[in-house]
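Below: the structure, in structure tokens.
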2 protein chains.
Amino acid sequence: MSYYLKCKKLDITTGGAEIILMNEKEAELYGVNPGDKVSLIWSKGKKLTATVDMSEKEVKHGEVGLFEDIWKKHNIEEDDIAEVILESRPLSIETLKKKMLGKPAAYEEIYALIKDIVDGRLGQIETTYYAASGFVKEFSEEELYFVAKAMAETGEMFNLGVKVADKHSVGGLAGNRITPIIVSIVASCDIYIPKTSSRAITSPAGTADTMEVLCPVSFPIEEIKKIVRKTRACLVWGGGLKLAPADDKIIKVSRPLAIESYDKMIVSILAKKVATGVDYLLIDIPVGRGCKVSKMKQAVEIGEKFIRLGKRFGMKVKYVATLAREPLGRGIGPALEARDVLRVLQQHKFRPLDLENKACKLAGDILELKGHCKEGKGFGIAKGQIKNNEAWKKMNQIIIAQGGKKDINSEEVMQEVERYEIHAKKNGRIKFVNNRAINEVCMNLGAPVDKYAGLHLHVRFKDKVNKGQKLFTMYASSKERLKLGILAAGKNEIFEIN
Amino acid sequence: MSYYLKCKKLDITTGGAEIILMNEKEAELYGVNPGDKVSLIWSKGKKLTATVDMSEKEVKHGEVGLFEDIWKKHNIEEDDIAEVILESRPLSIETLKKKMLGKPAAYEEIYALIKDIVDGRLGQIETTYYAASGFVKEFSEEELYFVAKAMAETGEMFNLGVKVADKHSVGGLAGNRITPIIVSIVASCDIYIPKTSSRAITSPAGTADTMEVLCPVSFPIEEIKKIVRKTRACLVWGGGLKLAPADDKIIKVSRPLAIESYDKMIVSILAKKVATGVDYLLIDIPVGRGCKVSKMKQAVEIGEKFIRLGKRFGMKVKYVATLAREPLGRGIGPALEARDVLRVLQQHKFRPLDLENKACKLAGDILELKGHCKEGKGFGIAKGQIKNNEAWKKMNQIIIAQGGKKDINSEEVMQEVERYEIHAKKNGRIKFVNNRAINEVCMNLGAPVDKYAGLHLHVRFKDKVNKGQKLFTMYASSKERLKLGILAAGKNEIFEIN
């Protein structure tokens with residue numbers, strides 16, 4: 001389609017952007033949408049490409065408005081007649097159509113699509129079609145690779161120029177604060193492990209929330225590189241960086257339906273790992289009620305897909321799927337979890353052994369994956385790094401490099417806040433731990449916004465308890481907030497005794 | 001999930017809407033989105049249901065803000081503790097999920113979905129998922145019936161209490177202005193035919209644009225009923241009415257990808273016919289290059305689907321699929337088409353016979369469908385109603401009822417505007433008529449915004465022409481606009497001579 005319009009010089013500058021203004025009604029009739037690209041050929045036979053903006057009144061029917069930048073640069077005169085040609089739809093739109101019809105797409109097509117989502121050339125409607133297209137036909141593994149690659153390449157890339165290890169837990173339970181321990185052990189073995197973590201989304205604490213009790217976690221990328229060069233590691237918040245920025249936009253349109261496929265989850269994790277230049281990746285998949293993955297079979301499928309896709313990026317991947325029945329560690333809530341972490345690293349007598357063992361298991365897996373030691377030796381080495389205090393020294397270094405206080409003692413992590421104890425109402429055994437109730441009570445207490453809010457569990461799954469025995473302690477920063485937590489705890493039983 | 005929050009009385013009224021305010025950060029952690037429904041149970045054991053709004057500062061962490069309407073009505077005191085329970089997602093969201101997974105939906109589910117789209121409870125993202133779901137799995141005919149029914153029932157219903165006929169053309173060519181003639185003939189036979197039409201979307205004229213040359217076309221629904229009771233008919237613009245209002249919202253999210261399935265088109269047409277209470281429906285399907293339907297086989301499939309779906313609504317449907325090679329009539333553009341219409345009805349010597357015959361054919365089909373006459377007799381009766389002047393008398397009545405001038409003569413419809421003739425450059429035969437070029441030239445001349453802009457074609461497909469013979473005349477309201485049309489006509493040949 002081509003249309004002729006009379007040029008109108010506008011007395012407005014756009015700061016260099018090549019934008020033309022069309023009459024809204026006319027543009028609609030011509031099938032031109034705001035943001036469309038058009039070619040403009042004016043009477044002197046010259047051509048330019050511009051983006052269309054619309055106006056109801058600024059430009060009359062039969063006219064095209066040219067901002068000062070354009071008419072000055074191209075020497076266009078008032079009343080010149082210009083031919084306006086609508087350029088074919090962008091490649092990303094064609095690709096979307098293809099995917100909506102269930103057809104495969106090539107890398108350059110998927111790259112264009114992801115790039116246009118990142119740059120906002122495609123809006124929420126188009127991004128929703130992208131999210132929906134996976135339901136028309138599952139993306140092939142090659143396409144998932146393309147998407148992860150494109151998502152990484154359209155954001156910041158974090159290249160340290162060294163071999164890098166990482167670990168990622170796939171949607172686990174509250175209190176699963178193994179990450180800081182693993183990072184300390186691995187880095188103490190002289191392996192690079194720059195860890196970016198999220199804050200809590202709908203839980204009482206994320207790794208970034210927990211670390212923030214000990215030191216700042218939000219840094220620009222250059223600062224993070226300095227910290228990593230100094231300590232081999234970091235424990236920072238990843239949300240402020242522009243790693244795979246398409247992901248946030250896709251998550252936003254996925255939220256209303258709350259249906260995220262495992263494929264989308266794998267791709268979004270991998271994209272961030274590619275962006276941070278990971279060479280050795282350990283995937284931890286907690287399995288059970290309240291976890292993102294509820295069946296072992298699914299965990300295996302997810303893990304194997306991680307391995308195959310990672311391979312395409314030259315990444316060595318290993319996964320560990322374990323049944324999760326209750327939180328690891330005793331504390332839930334940022335500060336209570338930070339205390340558990342330091343208790344393990346400082347070998348405090350009340351340290352949670354389940355947390356220590358799981359962290360050593362996974363750290364050992366990374367050591368083996370990296371070829372630091374033989375298969376089967378990783379766990380022992382990891383334990384050794386805790387016993388000989390090297391892991392704590394490393395954590396101390398990281399805390400200091402990130403601007404925290406040096407030599408923090410595990411017992412000074414918690415502050416004096418309001419507390420309330422819940423006791424067993426009868427004799428028996430802990431038959432069931434309600435993870436969802438734990439989350440709910442913690443959040444009613446104010447976690448994670450209030451860093452000192454949360455729970456400390458005194459008993460564990462299968463423990464024998466006596467009537468009147470302490471089951472858990474609630475912490476909150478104010479009496480009011482504590483009251484809310486007590487109400488929530490009264491409503492949902494955390495420990496089922498039988 | 002349930003959470004406890006402290007009530008805060010806000011000094012703001014909402015005019016009766018039951019809305020509560022949550023702290024943004026907290027709501028996010030609790031997985032509550034703006035617009036979600038929650039139950040509020042406060043200490044007195046009373047319960048209310050409200051919609052969540054969010055605020056960053058108005059309401060602190062641990063508080064729930066109550067607008068004056070709520071706390072006054074329900075006697076809630078400052079510092080009361082309320083349990084906030086997130087209600088399960090609305091049925092429409094569950095239905096969307098179902099459809100995204102390719103599962104069938106029941107009527108009440110589809111009704112809830114369409115109703116929530118109309119009421120804005122589902123936004124653009126959710127509406128896009130709805131549009132996308134047809135690509136996951138084609139809707140069954142039962143579901144298409146549900147959708148059409150729900151779309152009709154969630155808008156204005158136009159019940160005249162009499163049997164009503166209608167006709168609808170499925171995306172045809174420019175200048176296909178048979179509708180006003182058909183309506184005049186059918187109504188002159190004492191059959192109700194309240195016709196709502198659209199304005200041009202990406203063409204030089206819609207039926208509403210053409211009629212607007214003769215009389216007003218935009219009325220409230222009660223006014224339209226009066227016109228119809230008086231004349232048995234109307235020829236009004238349907239866009240101002242709230243017939244099947246979900247349609248516009250769905251079209252809006254379908255536009256960026258420009259992929260409308262035939263099923264969606266059928267449903268959207270049928271929904272409007274159900275809303276206007278149609279009993280006898282004639283579907284006109286022009287087939288060919290430049291039409292919405294390009295192959296006869298598709299036309300048959302579409303037509304048969306119309307028949308089957310219409311039957312579910314108790315609607316008698318007939319379809320007519322005809323090859324369309326060029327516009328019917330001589331004029332293209334609102335006034336030029338209105339002139340053609342009046343020339344036919346007033347039996348002017350220059351009237352376009354192709355337009356007359358097609359209109360009589362379709363009007364005759366409606367007469368037969370309604371049982372007004374025997375099969376095969378409709379065309380003759382329709383012709384007779386034109387010859388005996390009854391059709392024109394009816395049109396005159398309609399124009400008057402809609403507030404137009406009485407006894408308009410076909411030759412006074414066009415105004416004195418700028419004109420320019422194009423002549424044949426060689427001897428030969430018209431081998432091809434470029435419908436797309438016709439549209440383009442007309443729109444460059446200013447149609448449909450300028451009602452007097454457009455083309456009059458002096459020759460037709462297969463005509464023999466001599467060098468220098470007039471091919472078509474261009475009309476525009478200004479010399480400048482005429483110039484744009486001339487440029488467009490120079491670029492794209494309307495008649496190919498060979």
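Residue numbers start at 1 in each chain; chains themselves are named A, B, ... in the order of the structure tokens; ligands are numbered from 1 in the order shown.
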Check: How close is chain B to chain A in C-alpha RMSD after a least-squares fit, all Cα atoms in order?
Finding: 0.2 Å
Margin query: Run DSSP on the backbone and tell me which residues of stretch 119-363 of chain B come out as strand (DSSP E); list them as a count of residues only.
Written below: 33
Checklist line | Distance-based interface of chain A with chain B, 8 Å, counting only C-alpha atoms, as JSON, numbers by chain | finding: {"A": [1, 2, 3, 4, 5, 28, 29, 30, 31, 61, 62, 81, 93, 96, 97, 100, 101, 124, 125, 126, 128, 129, 132, 133, 135, 136, 137, 200, 201, 202, 203, 253, 256, 257, 259, 440, 443, 444, 446, 481, 484, 485, 487, 488]}
Next item on the list: Figure out the distance between atom CA of A:Pro327 and atom CA of A:Arg232, please, to one decimal in Å.
Entry: 28.7 Å
Note to self: I'd like the interatomic distance between atom CA of A:Pro104 and atom CA of A:Ala150, to a tenth of an Å.
What the structure shows: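 Computed distance, atom CA of A:Pro104 to atom CA of A:Ala150, equals 15.6 Å.
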Next item on the list: Identify, on the basis of only C-alpha atoms, every residue whose closest approach to stretch 15-18 of chain B does not exceed 8 Å; exclude the query and any residue fewer than 5 positions from it along the same chain; express the result as a PyMOL selection string.
Entry: chain B and resi 49-51+69-70
Check: Using only C-alpha atoms, which of the listed residues (A:Lys479, A:Arg429, A:Arg229, A:Arg121) sits closest to A:Leu160?
Finding: A:Arg229
Note to self: Give me, as JSON, numbers by chain, the residues of stretch 28-231 of chain B that a backbone DSSP run labels helix (DSSP H, G or I).
What the structure shows: {"B": [28, 29, 68, 69, 70, 71, 72, 73, 74, 91, 92, 93, 94, 95, 96, 97, 98, 99, 100, 107, 108, 109, 110, 111, 112, 113, 114, 115, 116, 117, 118, 119, 124, 125, 126, 127, 128, 129, 130, 131, 132, 133, 134, 135, 136, 141, 142, 143, 144, 145, 146, 147, 148, 149, 150, 151, 152, 153, 179, 180, 181, 182, 183, 184, 185, 186, 187, 188, 207, 208, 209, 210, 211, 221, 222, 223, 224, 225, 226, 227, 228, 229, 230, 231]}
Margin query: So that I can check the surroundings of A:Ile307, please list as a PyMOL selection string every protein, DNA and RNA residue that reaches within 12 Å of it, counting only C-alpha atoms and ignoring chain neighbours fewer than 4 positions away.
Written below: chain A and resi 141+145+266+270+280-283+300-303+311-320
Next item on the list: Excluding A:Gly161 and any residue of its chain fewer than 3 positions from it, enumerate the residues within 12 Å of it, using only C-alpha atoms, and give them as a ChimeraX atom specification.
Entry: /A:157-158,164,192,225,228-229,276-279
Using the selection just defined, write its residues with N, CA and C atoms as a compact mmCIF listing (two decimals), in the first residue's frame.
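Okay, this is what ended up in part-v2.txt:
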```txt
# COMPACT_ATOMS: atom_id res chain seq x y z
N MET A 157 25.82 -9.03 29.62
CA MET A 157 26.58 -10.28 29.70
C MET A 157 27.72 -10.04 30.69
N PHE A 158 27.94 -11.02 31.49
CA PHE A 158 28.79 -10.90 32.66
C PHE A 158 29.99 -11.81 32.45
N VAL A 164 33.58 -20.62 35.58
CA VAL A 164 32.69 -20.21 36.65
C VAL A 164 31.70 -21.33 37.01
N TYR A 192 35.61 -20.12 41.11
CA TYR A 192 34.76 -18.92 40.97
C TYR A 192 33.29 -19.30 41.04
N LYS A 225 31.91 -7.46 39.72
CA LYS A 225 33.11 -8.08 39.16
C LYS A 225 34.31 -7.90 40.08
N VAL A 228 34.02 -10.26 42.98
CA VAL A 228 34.31 -11.64 42.58
C VAL A 228 35.81 -11.83 42.36
N ARG A 229 36.47 -10.84 41.74
CA ARG A 229 37.91 -10.98 41.51
C ARG A 229 38.66 -11.06 42.83
N THR A 276 25.52 -14.89 32.89
CA THR A 276 26.57 -14.73 33.89
C THR A 276 27.78 -15.62 33.57
N GLY A 277 27.76 -16.26 32.38
CA GLY A 277 28.95 -16.98 31.91
C GLY A 277 29.26 -18.24 32.68
N VAL A 278 28.22 -18.96 33.12
CA VAL A 278 28.43 -20.17 33.94
C VAL A 278 28.94 -21.34 33.09
N ASP A 279 29.95 -22.05 33.60
CA ASP A 279 30.49 -23.23 32.91
C ASP A 279 30.06 -24.54 33.58
```
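Distances to B:Leu367 were evaluated for B:Met22, B:Val162, B:Val433, B:Cys189 using only C-alpha atoms, and the minimum falls at B:Cys189.
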Next item on the list: For B:Gly288, please output as a list in words all residues within 6 Å (counting only C-alpha atoms; exclusion window: fewer than 2 positions along the same chain).
Entry: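 Skipping anything fewer than 2 positions along the chain leaves Cys291, Ser294, Leu323 and Ala324 of chain B.
Between atom CA of B:Val236 and atom CA of B:Thr210 the interatomic distance comes to 10.5 Å.
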Next item on the list: List the neighbours of B:Gly331 out to 9 Å using only C-alpha atoms; skip same-chain residues closer than 3 positions along the sequence, and give me the result as an MDAnalysis selection string.
Entry: chainID B and resid 175 327:328 334:340 454:457
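Distance annotation: of B:Leu91, B:Leu214, B:Ile114, B:Ala424, the residue with the minimal separation from B:Lys406 is B:Leu214; atom set is only C-alpha atoms.
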